[in-house]
Amino acid sequence: MMLEVSHLAVDHGKLRALWDVSFSVGEGQRVGLVGANGAGKSTTLGAIAGLYPIAGGAIVYDGAPLDSRSPPDALSRGIVLVPEGRRLFGEMTVRENLRMGAYGARARAALNEGYDRVFTLFPVLRDKQAQPARELSGGQQQMVAIGRALMARPRLLLLDEPFIGVAPILVDDIMTALAAIADGGVTMILVDQNIRRALRFVERASVIHNGRTVLAGDSAALLADENFATTFMGLD
Amino acid sequence: MSVDVVLQVVVGGVLLGGLYALVAFGLSLIYGVVRILNFAHGTILAVVGVMASVMFASWQLSPVLIALILVPGVFVIGALFYRGLLRPLERRSPLEATIGTVLVTVGALLILSDVTAVLAGPMQRNILLRAPVIEVGDIIISITQLAILAAIVVLTLAIHVILKTTWFGLAVRAVTQEPVAAELCGARSLGIKTLTFGVGSATVAMAAVLYVLTFPVDPYMGFGLTVKAFTIIVVGGIGNLPGALIVGVLLGVAEGLVGLFWGPEWSPAISVVLLLLILVAFPAGFRWRRA
């Protein structure tokens with residue numbers, strides 16, 4: 001397994017946000033984390049990306065404990081998060097946003113390759129390179145956010161709600177691009193509140209409820225499971 | 001009063017304002033990245049200015065050499081000041097951290113001013129270079145003033161180029177706009193904050209050496225300068241280089257003209273009056289940035 005999360009607990013200040021989250025991801029897999037708003041999906045991704053310290057349990061990555069003290073530590077091991085709400089550098093141009101994605105030492109050397117890769121995946125961005133990121137539509141901004149993460153040459157890409165605020169016609173475009181990235185050998189964890197949509201994209205998913213993983217399985221099996229459908233799809 | 005006198009005052013005001021803008025730019029660079037209001041910022045100009053004039057008077061060093069000695073020194077001291085005294089406060093609760101940084105920076109202001117006054121004396125000083133003058137009509141401009149103006153332009157352009165093209169500049173802008181995303185991109189905040197504190201302090205040190213070549217400095221002038229820099233930042237916009245330059249020059253010229261028409265004792269008040277007027281007229285601020 002590339003990533004094994006076992007009995008993970010995370011605190012936000014004095015409040016416990018994650019109690020007991022366990023799941024694993026194999027190299028090259030696409031795995032989903034689904035569940036209601038506030039269930040702990042984003043916190044789980046944040047802990048893997050080095051944003052939050054671990055209060056209990058363990059994250060093992062490539063056979064060694066992942067004890068990132070900050071996102072740059074995780075990034076140097078190939079783990080890159082596309083954060084919820086995109087968090088672009090709004091006053092900076094699209095190209096500068098992408099360049100910032102390549103800030104890490106490994107990625108800087110391959111800067112031009114990185115631009116080419118992003119513009120091949122999202123051709124619409126090529127013409128908007130010189131525009132400030134805040135002027136783009138929600139879907140285009142999401143493309144920049146994903147592109148910025150790609151510039152860092154991720155092995156494990158963490159996607160936190162990449163379809164929120166994206167026009168429906170662009171959702172398919174972005175999903176196609178993500179599939180192409182995954183086919184290129186990048187492992188992915190997708191967090192999406194829209195469970196049906198998430199299960200269309202990922203091979204396996206874990207359901208997080210109140211900070212605990214309560215169910216896991218293959219996408220097809222989960223969709224077929226009547227109990228799962230009535231309990232969790234109803235939340236959507 | 002003749003037009004020449006007014007124009008002469010305007011020339012001095014432009015120089016003064018350009019230097020204010022440099023001071024403000026260092027302050028806004030630091031605030032944007034580190035989110036600390038450094039109340040001792042203007043005092044760096046006062047102390048470095050006094051040191052420069054003492055070095056000139058004692059050893060007849062050239063101002064360029066003085067800058068080459070003092071600016072890197074201030075860079076290192078600024079970085080150490082952040083790492084040693086301000087950084088530890090970040091582990092406190094937000095309220096304690098805010099009060100702590102005010103105490104530390106105001107404390108630094110008081111200590112720096114007093115120590116400088118004890119060692120060098122509280123009087124005003126400057127560096128008087130014998131330089132030829134150019135007469136444009138009836139306005140007299142010295143070569144020194146022209147050199148200061150050129151230095152302000154070059155420094156402003158240099159800061160602009162650094163922010164726009166280097167990895168450090170990119171990271172500074174990224175941290176200012178979205179600190180979490182900047183970390184997710186691999187920018188280590190501690191290193192960038194430390195460097196920024198050094199660079200912001202060094203910017204004032206450069207302004208100080210230019211300042212003392214044409215305006216008098218004293219150990220206690222720093223706080224007034226910090227207030228002016230705050231005014232420039234609030235009016236011109238955080239991290240906005242052209243905005244800071246425009247507002248700085250307006251402020252410098254306004255001070256000169258107020259001093260000329262109403263008397264020099266009214267000059268320091270103009271920055272506060274300007275700030276209040278603009279806050280009343282544009283409560284939401286105004287954006288200079290290109291649409």
# chains A, B, ... in the order shown; residues from 1 in each chain; ligands from 1

$ interface_residues --of "chain B" --to "chain A" --cutoff "9 Å" --atoms "only C-alpha atoms" --output "short mmCIF file (atom, residue, chain, number, x, y, z; two decimals) with all heavy atoms, in the first residue's frame"
data_model
loop_
_atom_site.label_atom_id
_atom_site.label_comp_id
_atom_site.auth_asym_id
_atom_site.auth_seq_id
_atom_site.Cartn_x
_atom_site.Cartn_y
_atom_site.Cartn_z
N TRP B 167 11.98 34.09 -7.26
CA TRP B 167 11.21 33.12 -6.48
C TRP B 167 10.86 33.71 -5.13
O TRP B 167 9.76 33.51 -4.62
CB TRP B 167 11.99 31.82 -6.30
CG TRP B 167 12.00 30.96 -7.52
CD1 TRP B 167 13.02 30.80 -8.41
CD2 TRP B 167 10.92 30.14 -8.02
NE1 TRP B 167 12.65 29.94 -9.42
CE2 TRP B 167 11.37 29.52 -9.20
CE3 TRP B 167 9.63 29.89 -7.56
CZ2 TRP B 167 10.57 28.64 -9.93
CZ3 TRP B 167 8.83 29.01 -8.31
CH2 TRP B 167 9.30 28.40 -9.48
N LEU B 170 8.01 36.16 -5.62
CA LEU B 170 6.78 35.41 -5.88
C LEU B 170 6.21 34.88 -4.56
O LEU B 170 5.01 34.98 -4.29
CB LEU B 170 7.09 34.27 -6.84
CG LEU B 170 5.90 33.53 -7.46
CD1 LEU B 170 5.18 34.42 -8.46
CD2 LEU B 170 6.37 32.25 -8.15
N ALA B 171 7.10 34.31 -3.75
CA ALA B 171 6.65 33.74 -2.47
C ALA B 171 6.12 34.84 -1.55
O ALA B 171 5.12 34.65 -0.86
CB ALA B 171 7.81 32.99 -1.80
N ARG B 173 4.63 37.62 -2.39
CA ARG B 173 3.28 37.99 -2.82
C ARG B 173 2.28 36.88 -2.51
O ARG B 173 1.15 37.13 -2.11
CB ARG B 173 3.29 38.32 -4.32
CG ARG B 173 4.06 39.60 -4.61
CD ARG B 173 4.52 39.69 -6.05
NE ARG B 173 3.41 39.66 -6.98
CZ ARG B 173 3.47 39.07 -8.18
NH1 ARG B 173 4.57 38.46 -8.57
NH2 ARG B 173 2.44 39.11 -8.98
N ALA B 174 2.72 35.64 -2.70
CA ALA B 174 1.83 34.50 -2.43
C ALA B 174 1.45 34.44 -0.95
O ALA B 174 0.28 34.28 -0.60
CB ALA B 174 2.48 33.20 -2.88
N VAL B 175 2.47 34.59 -0.07
CA VAL B 175 2.19 34.53 1.36
C VAL B 175 1.28 35.69 1.77
O VAL B 175 0.38 35.53 2.59
CB VAL B 175 3.50 34.56 2.18
CG1 VAL B 175 3.21 34.68 3.67
CG2 VAL B 175 4.32 33.32 1.91
N GLN B 177 -1.03 37.11 -0.03
CA GLN B 177 -2.40 36.92 -0.49
C GLN B 177 -3.08 35.70 0.11
O GLN B 177 -4.25 35.76 0.48
CB GLN B 177 -2.42 36.80 -2.02
CG GLN B 177 -2.10 38.12 -2.69
CD GLN B 177 -1.98 37.98 -4.20
OE1 GLN B 177 -2.71 37.23 -4.82
NE2 GLN B 177 -1.06 38.71 -4.79
N GLU B 178 -2.40 34.57 0.20
CA GLU B 178 -3.01 33.32 0.67
C GLU B 178 -1.94 32.51 1.39
O GLU B 178 -1.33 31.61 0.81
CB GLU B 178 -3.54 32.50 -0.52
CG GLU B 178 -4.95 32.85 -0.97
CD GLU B 178 -6.02 32.36 0.00
OE1 GLU B 178 -5.73 31.53 0.90
OE2 GLU B 178 -7.16 32.82 -0.14
N VAL B 180 -1.92 30.04 3.52
CA VAL B 180 -2.05 28.58 3.57
C VAL B 180 -1.70 27.97 2.22
O VAL B 180 -0.94 26.99 2.12
CB VAL B 180 -3.48 28.18 4.00
CG1 VAL B 180 -3.66 26.68 3.88
CG2 VAL B 180 -3.74 28.64 5.43
N ALA B 181 -2.22 28.59 1.14
CA ALA B 181 -1.93 28.06 -0.19
C ALA B 181 -0.44 28.16 -0.49
O ALA B 181 0.13 27.27 -1.13
CB ALA B 181 -2.74 28.83 -1.24
N ALA B 182 0.21 29.21 -0.02
CA ALA B 182 1.66 29.35 -0.26
C ALA B 182 2.42 28.19 0.39
O ALA B 182 3.34 27.63 -0.19
CB ALA B 182 2.15 30.69 0.27
N GLU B 183 1.99 27.81 1.61
CA GLU B 183 2.62 26.67 2.27
C GLU B 183 2.36 25.39 1.50
O GLU B 183 3.24 24.53 1.37
CB GLU B 183 2.08 26.52 3.69
CG GLU B 183 2.70 27.47 4.68
CD GLU B 183 3.01 26.75 5.97
OE1 GLU B 183 2.04 26.45 6.69
OE2 GLU B 183 4.18 26.48 6.25
N LEU B 184 1.13 25.25 0.99
CA LEU B 184 0.79 24.05 0.21
C LEU B 184 1.63 23.96 -1.05
O LEU B 184 1.83 22.88 -1.60
CB LEU B 184 -0.70 24.04 -0.14
CG LEU B 184 -1.66 23.80 1.04
CD1 LEU B 184 -3.11 24.01 0.61
CD2 LEU B 184 -1.47 22.39 1.61
N CYS B 185 2.12 25.11 -1.53
CA CYS B 185 2.99 25.12 -2.71
C CYS B 185 4.44 24.84 -2.33
O CYS B 185 5.30 24.76 -3.20
CB CYS B 185 2.91 26.46 -3.43
SG CYS B 185 1.35 26.74 -4.27
N GLY B 186 4.73 24.74 -1.05
CA GLY B 186 6.09 24.40 -0.64
C GLY B 186 6.89 25.56 -0.07
O GLY B 186 8.07 25.41 0.22
N ALA B 187 6.25 26.73 0.06
CA ALA B 187 6.97 27.88 0.63
C ALA B 187 6.98 27.76 2.15
O ALA B 187 5.92 27.78 2.78
CB ALA B 187 6.29 29.18 0.20
N ARG B 188 8.15 27.62 2.73
CA ARG B 188 8.25 27.48 4.18
C ARG B 188 8.11 28.86 4.83
O ARG B 188 8.93 29.74 4.60
CB ARG B 188 9.57 26.83 4.59
CG ARG B 188 9.63 25.39 4.18
CD ARG B 188 10.87 24.68 4.69
NE ARG B 188 10.94 23.36 4.08
CZ ARG B 188 10.33 22.28 4.57
NH1 ARG B 188 9.65 22.36 5.68
NH2 ARG B 188 10.41 21.13 3.94
#

$ residues_around --residues "region 123-130 of chain B" --least-positions-apart "6" --cutoff "8 Å" --atoms "only C-alpha atoms" --output "mmCIF file with N, CA, C and O atoms, in the first residue's frame"
data_model
loop_
_atom_site.group_PDB
_atom_site.id
_atom_site.type_symbol
_atom_site.label_atom_id
_atom_site.label_comp_id
_atom_site.auth_asym_id
_atom_site.auth_seq_id
_atom_site.Cartn_x
_atom_site.Cartn_y
_atom_site.Cartn_z
ATOM 1 N N GLY B 49 20.276 56.716 10.377
ATOM 2 C CA GLY B 49 20.640 58.072 9.945
ATOM 3 C C GLY B 49 21.682 58.681 10.873
ATOM 4 O O GLY B 49 22.682 59.256 10.423
ATOM 5 N N VAL B 50 21.475 58.558 12.177
ATOM 6 C CA VAL B 50 22.443 59.092 13.152
ATOM 7 C C VAL B 50 23.786 58.379 12.997
ATOM 8 O O VAL B 50 24.852 59.018 12.962
ATOM 9 N N ALA B 52 24.988 56.915 10.376
ATOM 10 C CA ALA B 52 25.627 57.328 9.121
ATOM 11 C C ALA B 52 26.299 58.682 9.284
ATOM 12 O O ALA B 52 27.437 58.880 8.835
ATOM 13 N N SER B 53 25.615 59.603 9.956
ATOM 14 C CA SER B 53 26.205 60.943 10.081
ATOM 15 C C SER B 53 27.422 60.923 11.003
ATOM 16 O O SER B 53 28.395 61.639 10.782
ATOM 17 N N PHE B 56 30.244 59.495 9.013
ATOM 18 C CA PHE B 56 30.736 60.494 8.056
ATOM 19 C C PHE B 56 31.585 61.539 8.765
ATOM 20 O O PHE B 56 32.681 61.890 8.318
ATOM 21 N N ALA B 57 31.107 61.995 9.910
ATOM 22 C CA ALA B 57 31.820 63.046 10.642
ATOM 23 C C ALA B 57 33.141 62.522 11.211
ATOM 24 O O ALA B 57 34.141 63.233 11.222
ATOM 25 N N ALA B 117 20.467 58.195 21.635
ATOM 26 C CA ALA B 117 20.611 59.544 22.210
ATOM 27 C C ALA B 117 21.745 59.586 23.229
ATOM 28 O O ALA B 117 22.496 60.569 23.295
ATOM 29 N N THR B 144 23.422 66.414 -5.233
ATOM 30 C CA THR B 144 23.063 65.448 -4.191
ATOM 31 C C THR B 144 21.576 65.108 -4.264
ATOM 32 O O THR B 144 21.193 63.943 -4.226
ATOM 33 N N VAL B 212 19.502 61.239 5.316
ATOM 34 C CA VAL B 212 20.412 62.052 6.102
ATOM 35 C C VAL B 212 21.307 62.925 5.210
ATOM 36 O O VAL B 212 21.970 63.848 5.684
ATOM 37 N N LEU B 213 21.317 62.647 3.916
ATOM 38 C CA LEU B 213 22.094 63.470 2.992
ATOM 39 C C LEU B 213 21.433 64.817 2.724
ATOM 40 O O LEU B 213 22.081 65.741 2.224
ATOM 41 N N THR B 214 20.155 64.934 3.032
ATOM 42 C CA THR B 214 19.499 66.198 2.721
ATOM 43 C C THR B 214 18.540 66.689 3.797
ATOM 44 O O THR B 214 18.190 67.859 3.850
ATOM 45 N N PHE B 215 18.100 65.776 4.690
ATOM 46 C CA PHE B 215 17.214 66.174 5.784
ATOM 47 C C PHE B 215 17.858 65.812 7.118
ATOM 48 O O PHE B 215 18.593 64.832 7.209
ATOM 49 N N PRO B 216 17.554 66.578 8.165
ATOM 50 C CA PRO B 216 18.153 66.269 9.469
ATOM 51 C C PRO B 216 17.473 65.078 10.153
ATOM 52 O O PRO B 216 16.273 64.879 9.977
ATOM 53 N N VAL B 217 18.258 64.287 10.872
ATOM 54 C CA VAL B 217 17.706 63.176 11.663
ATOM 55 C C VAL B 217 18.031 63.405 13.134
ATOM 56 O O VAL B 217 18.987 64.110 13.483
ATOM 57 N N ASP B 218 17.210 62.817 14.010
ATOM 58 C CA ASP B 218 17.533 62.790 15.438
ATOM 59 C C ASP B 218 17.005 61.487 16.010
ATOM 60 O O ASP B 218 16.157 60.839 15.388
ATOM 61 N N PRO B 219 17.492 61.072 17.170
ATOM 62 C CA PRO B 219 17.138 59.729 17.672
ATOM 63 C C PRO B 219 15.648 59.532 17.928
ATOM 64 O O PRO B 219 15.187 58.401 17.977
#

$ residues_around --residues "Thr213 (chain A)" --least-positions-apart "2" --cutoff "7 Å" --atoms "only C-alpha atoms" --output "PyMOL selection string"
chain A and resi 20-22+206-209+211+215

$ residues_around --residues "Met143 (chain A)" --least-positions-apart "3" --cutoff "8 Å" --atoms "only C-alpha atoms" --output "mmCIF file with all heavy atoms, in the first residue's frame"
data_model
loop_
_atom_site.group_PDB
_atom_site.id
_atom_site.type_symbol
_atom_site.label_atom_id
_atom_site.label_comp_id
_atom_site.auth_asym_id
_atom_site.auth_seq_id
_atom_site.Cartn_x
_atom_site.Cartn_y
_atom_site.Cartn_z
ATOM 1 N N PHE A 122 -5.553 21.583 -19.803
ATOM 2 C CA PHE A 122 -6.564 22.649 -19.747
ATOM 3 C C PHE A 122 -6.220 23.729 -20.782
ATOM 4 O O PHE A 122 -5.700 24.787 -20.440
ATOM 5 C CB PHE A 122 -6.594 23.284 -18.352
ATOM 6 C CG PHE A 122 -6.859 22.319 -17.238
ATOM 7 C CD1 PHE A 122 -5.886 22.043 -16.294
ATOM 8 C CD2 PHE A 122 -8.101 21.697 -17.115
ATOM 9 C CE1 PHE A 122 -6.129 21.167 -15.251
ATOM 10 C CE2 PHE A 122 -8.353 20.808 -16.075
ATOM 11 C CZ PHE A 122 -7.364 20.543 -15.147
ATOM 12 N N LEU A 125 -6.663 27.586 -20.436
ATOM 13 C CA LEU A 125 -5.801 28.419 -19.585
ATOM 14 C C LEU A 125 -4.658 29.058 -20.375
ATOM 15 O O LEU A 125 -4.106 30.078 -19.964
ATOM 16 C CB LEU A 125 -5.215 27.597 -18.431
ATOM 17 C CG LEU A 125 -6.214 27.029 -17.423
ATOM 18 C CD1 LEU A 125 -5.470 26.317 -16.302
ATOM 19 C CD2 LEU A 125 -7.101 28.125 -16.855
ATOM 20 N N GLY A 139 -15.044 27.514 -12.670
ATOM 21 C CA GLY A 139 -14.482 26.300 -13.253
ATOM 22 C C GLY A 139 -13.047 26.495 -13.702
ATOM 23 O O GLY A 139 -12.181 25.648 -13.473
ATOM 24 N N GLN A 140 -12.788 27.654 -14.317
ATOM 25 C CA GLN A 140 -11.421 27.936 -14.767
ATOM 26 C C GLN A 140 -10.481 28.095 -13.571
ATOM 27 O O GLN A 140 -9.330 27.666 -13.610
ATOM 28 C CB GLN A 140 -11.405 29.185 -15.638
ATOM 29 C CG GLN A 140 -12.081 28.965 -16.990
ATOM 30 C CD GLN A 140 -12.348 30.257 -17.731
ATOM 31 O OE1 GLN A 140 -12.242 31.354 -17.154
ATOM 32 N NE2 GLN A 140 -12.703 30.152 -18.993
ATOM 33 N N ILE A 146 -5.933 22.986 -9.805
ATOM 34 C CA ILE A 146 -5.431 21.642 -10.105
ATOM 35 C C ILE A 146 -4.091 21.747 -10.836
ATOM 36 O O ILE A 146 -3.144 21.016 -10.538
ATOM 37 C CB ILE A 146 -6.459 20.853 -10.947
ATOM 38 C CG1 ILE A 146 -7.737 20.612 -10.122
ATOM 39 C CG2 ILE A 146 -5.875 19.520 -11.412
ATOM 40 C CD1 ILE A 146 -8.916 20.100 -10.930
ATOM 41 N N GLY A 147 -4.016 22.697 -11.779
ATOM 42 C CA GLY A 147 -2.770 22.901 -12.515
ATOM 43 C C GLY A 147 -1.625 23.284 -11.587
ATOM 44 O O GLY A 147 -0.508 22.787 -11.716
ATOM 45 N N ILE A 174 -13.415 18.814 -16.167
ATOM 46 C CA ILE A 174 -12.441 18.662 -15.094
ATOM 47 C C ILE A 174 -12.278 17.191 -14.732
ATOM 48 O O ILE A 174 -11.166 16.700 -14.506
ATOM 49 C CB ILE A 174 -12.850 19.523 -13.880
ATOM 50 C CG1 ILE A 174 -12.675 21.010 -14.232
ATOM 51 C CG2 ILE A 174 -12.024 19.164 -12.649
ATOM 52 C CD1 ILE A 174 -13.120 21.961 -13.151
#

$ select_by_dssp --residues "region 52-94 of chain B" --states "alpha helix (DSSP H)" --output "PyMOL selection string"
chain B and resi 52-59+63-81+94

$ write_last_selection --atoms "C-alpha atoms" --output "compact mmCIF listing (two decimals), in the first residue's frame"
# COMPACT_ATOMS: atom_id res chain seq x y z
CA ALA B 52 25.63 57.33 9.12
CA SER B 53 26.20 60.94 10.08
CA VAL B 54 28.54 59.92 12.91
CA MET B 55 30.49 57.66 10.55
CA PHE B 56 30.74 60.49 8.06
CA ALA B 57 31.82 63.05 10.64
CA SER B 58 34.34 60.76 12.37
CA TRP B 59 35.92 58.88 9.48
CA PRO B 63 27.89 57.72 1.82
CA VAL B 64 28.04 54.78 -0.58
CA LEU B 65 30.52 52.96 1.64
CA ILE B 66 28.41 53.83 4.70
CA ALA B 67 25.38 52.28 3.02
CA LEU B 68 27.38 49.18 2.09
CA ILE B 69 28.28 48.72 5.76
CA LEU B 70 24.97 49.62 7.42
CA VAL B 71 22.39 48.10 5.05
CA PRO B 72 23.57 44.46 5.30
CA GLY B 73 24.00 44.95 9.05
CA VAL B 74 20.41 46.11 9.43
CA PHE B 75 19.24 43.21 7.27
CA VAL B 76 20.83 40.73 9.70
CA ILE B 77 19.61 42.58 12.80
CA GLY B 78 16.06 42.78 11.38
CA ALA B 79 16.01 39.05 10.66
CA LEU B 80 17.39 38.21 14.12
CA PHE B 81 14.91 40.60 15.78
CA PRO B 94 -4.02 35.61 18.92

$ select_by_dssp --residues "region 60-267 of chain B" --states "strand (DSSP E)" --output "VMD selection string"
chain B and resid 133 to 136 139 to 142

$ atom_distance --atom1 "CA of Leu225 (chain B)" --atom2 "CA of Leu45 (chain B)"
8.5 Å

$ atom_distance --atom1 "CA of Val136 (chain B)" --atom2 "CA of Ala150 (chain B)"
17.4 Å

$ residues_around --residues "Gly32 (chain B)" --least-positions-apart "2" --cutoff "9 Å" --atoms "only C-alpha atoms" --output "list in words"
Leu27, Ser28, Leu29, Ile30, Val34, Arg35, Ile36, Val172, Arg173, Val175, Thr176, Gln177, Ile238 and Gly239 of chain B

$ write_last_selection --atoms "all heavy atoms" --output "short mmCIF file (atom, residue, chain, number, x, y, z; two decimals), in the first residue's frame"
data_model
loop_
_atom_site.label_atom_id
_atom_site.label_comp_id
_atom_site.auth_asym_id
_atom_site.auth_seq_id
_atom_site.Cartn_x
_atom_site.Cartn_y
_atom_site.Cartn_z
N LEU B 27 7.70 48.66 5.46
CA LEU B 27 6.70 48.34 6.50
C LEU B 27 5.59 47.47 5.93
O LEU B 27 5.18 46.49 6.56
CB LEU B 27 6.12 49.65 7.05
CG LEU B 27 5.23 49.53 8.28
CD1 LEU B 27 6.03 49.10 9.49
CD2 LEU B 27 4.55 50.87 8.58
N SER B 28 5.11 47.80 4.73
CA SER B 28 3.99 47.04 4.18
C SER B 28 4.44 45.66 3.71
O SER B 28 3.69 44.69 3.81
CB SER B 28 3.28 47.84 3.09
OG SER B 28 3.66 47.45 1.81
N LEU B 29 5.67 45.56 3.25
CA LEU B 29 6.23 44.24 2.91
C LEU B 29 6.19 43.33 4.14
O LEU B 29 5.72 42.19 4.08
CB LEU B 29 7.68 44.45 2.47
CG LEU B 29 8.33 43.45 1.52
CD1 LEU B 29 7.58 43.42 0.21
CD2 LEU B 29 9.78 43.85 1.28
N ILE B 30 6.67 43.86 5.26
CA ILE B 30 6.71 43.07 6.50
C ILE B 30 5.29 42.76 6.97
O ILE B 30 4.97 41.62 7.31
CB ILE B 30 7.50 43.83 7.59
CG1 ILE B 30 8.99 43.87 7.22
CG2 ILE B 30 7.30 43.18 8.95
CD1 ILE B 30 9.82 44.76 8.11
N VAL B 34 4.35 38.96 7.40
CA VAL B 34 4.47 38.49 8.78
C VAL B 34 3.24 38.85 9.61
O VAL B 34 3.00 38.27 10.65
CB VAL B 34 5.75 39.09 9.44
CG1 VAL B 34 6.07 38.38 10.73
CG2 VAL B 34 6.93 38.98 8.49
N ARG B 35 2.43 39.81 9.12
CA ARG B 35 1.24 40.28 9.85
C ARG B 35 1.60 40.85 11.21
O ARG B 35 0.92 40.59 12.20
CB ARG B 35 0.20 39.16 10.01
CG ARG B 35 -0.28 38.60 8.69
CD ARG B 35 -1.29 39.49 8.03
NE ARG B 35 -1.19 39.36 6.57
CZ ARG B 35 -2.05 39.84 5.70
NH1 ARG B 35 -3.07 40.53 6.12
NH2 ARG B 35 -1.88 39.69 4.43
N ILE B 36 2.71 41.56 11.25
CA ILE B 36 3.10 42.26 12.48
C ILE B 36 3.27 43.73 12.11
O ILE B 36 3.93 44.05 11.11
CB ILE B 36 4.41 41.69 13.06
CG1 ILE B 36 4.14 40.35 13.72
CG2 ILE B 36 5.05 42.68 14.04
CD1 ILE B 36 5.39 39.66 14.23
N VAL B 172 6.78 36.01 -1.55
CA VAL B 172 6.31 37.12 -0.71
C VAL B 172 4.88 37.50 -1.09
O VAL B 172 4.01 37.65 -0.24
CB VAL B 172 7.25 38.34 -0.86
CG1 VAL B 172 6.58 39.62 -0.36
CG2 VAL B 172 8.55 38.10 -0.10
N ARG B 173 4.63 37.62 -2.39
CA ARG B 173 3.28 37.99 -2.82
C ARG B 173 2.28 36.88 -2.51
O ARG B 173 1.15 37.13 -2.11
CB ARG B 173 3.29 38.32 -4.32
CG ARG B 173 4.06 39.60 -4.61
CD ARG B 173 4.52 39.69 -6.05
NE ARG B 173 3.41 39.66 -6.98
CZ ARG B 173 3.47 39.07 -8.18
NH1 ARG B 173 4.57 38.46 -8.57
NH2 ARG B 173 2.44 39.11 -8.98
N VAL B 175 2.47 34.59 -0.07
CA VAL B 175 2.19 34.53 1.36
C VAL B 175 1.28 35.69 1.77
O VAL B 175 0.38 35.53 2.59
CB VAL B 175 3.50 34.56 2.18
CG1 VAL B 175 3.21 34.68 3.67
CG2 VAL B 175 4.32 33.32 1.91
N THR B 176 1.49 36.87 1.17
CA THR B 176 0.66 38.03 1.49
C THR B 176 -0.80 37.77 1.12
O THR B 176 -1.71 38.12 1.87
CB THR B 176 1.16 39.28 0.74
OG1 THR B 176 2.54 39.50 1.11
CG2 THR B 176 0.37 40.52 1.10
N GLN B 177 -1.03 37.11 -0.03
CA GLN B 177 -2.40 36.92 -0.49
C GLN B 177 -3.08 35.70 0.11
O GLN B 177 -4.25 35.76 0.48
CB GLN B 177 -2.42 36.80 -2.02
CG GLN B 177 -2.10 38.12 -2.69
CD GLN B 177 -1.98 37.98 -4.20
OE1 GLN B 177 -2.71 37.23 -4.82
NE2 GLN B 177 -1.06 38.71 -4.79
N ILE B 238 -1.95 48.04 0.80
CA ILE B 238 -0.89 47.14 1.25
C ILE B 238 -0.19 46.49 0.06
O ILE B 238 -0.85 46.02 -0.85
CB ILE B 238 -1.51 46.06 2.18
CG1 ILE B 238 -1.37 46.44 3.63
CG2 ILE B 238 -0.95 44.70 1.94
CD1 ILE B 238 -0.06 46.16 4.26
N GLY B 239 1.12 46.53 0.06
CA GLY B 239 1.87 45.85 -0.99
C GLY B 239 1.74 46.51 -2.36
O GLY B 239 2.09 45.93 -3.37
#

$ residues_around --residues "Ile152 (chain B)" --least-positions-apart "2" --cutoff "9 Å" --atoms "only C-alpha atoms" --output "list in words"
Leu15, Gly18, Leu19, Leu22, Ala147, Ile148, Leu149, Ala150, Val154, Leu155, Thr156, Leu157, Ala207 and Leu210 of chain B

$ atom_distance --atom1 "CA of Leu156 (chain A)" --atom2 "CA of Val186 (chain A)"
6.0 Å

$ residues_around --residues "Ala254 (chain B)" --least-positions-apart "2" --cutoff "9 Å" --atoms "only C-alpha atoms" --output "PyMOL selection string"
chain B and resi 10+13+249-252+256-259+267+270-271

$ decode --residues "region 165-188 of chain A" --atoms "C-alpha atoms" --output "PDB file, in the first residue's frame"
ATOM      1  CA  GLY A 165     -18.696  26.399  -7.607  1.00  0.00           C
ATOM      2  CA  VAL A 166     -17.985  24.820 -10.986  1.00  0.00           C
ATOM      3  CA  ALA A 167     -20.581  25.144 -13.771  1.00  0.00           C
ATOM      4  CA  PRO A 168     -22.097  21.728 -14.612  1.00  0.00           C
ATOM      5  CA  ILE A 169     -20.712  21.690 -18.164  1.00  0.00           C
ATOM      6  CA  LEU A 170     -17.191  22.201 -16.808  1.00  0.00           C
ATOM      7  CA  VAL A 171     -17.502  19.445 -14.190  1.00  0.00           C
ATOM      8  CA  ASP A 172     -17.196  16.831 -16.933  1.00  0.00           C
ATOM      9  CA  ASP A 173     -14.178  18.600 -18.434  1.00  0.00           C
ATOM     10  CA  ILE A 174     -12.441  18.662 -15.094  1.00  0.00           C
ATOM     11  CA  MET A 175     -13.307  15.039 -14.393  1.00  0.00           C
ATOM     12  CA  THR A 176     -11.886  14.036 -17.772  1.00  0.00           C
ATOM     13  CA  ALA A 177      -8.686  15.928 -16.995  1.00  0.00           C
ATOM     14  CA  LEU A 178      -8.452  14.271 -13.582  1.00  0.00           C
ATOM     15  CA  ALA A 179      -8.882  10.874 -15.217  1.00  0.00           C
ATOM     16  CA  ALA A 180      -6.036  11.710 -17.604  1.00  0.00           C
ATOM     17  CA  ILE A 181      -3.849  12.730 -14.659  1.00  0.00           C
ATOM     18  CA  ALA A 182      -4.676   9.479 -12.868  1.00  0.00           C
ATOM     19  CA  ASP A 183      -3.916   7.481 -16.018  1.00  0.00           C
ATOM     20  CA  GLY A 184      -0.529   9.185 -16.034  1.00  0.00           C
ATOM     21  CA  GLY A 185       0.259   7.342 -12.800  1.00  0.00           C
ATOM     22  CA  VAL A 186      -0.818   9.859 -10.157  1.00  0.00           C
ATOM     23  CA  THR A 187      -2.591   8.351  -7.154  1.00  0.00           C
ATOM     24  CA  MET A 188      -5.665  10.299  -6.012  1.00  0.00           C
TER      25      MET A 188
END
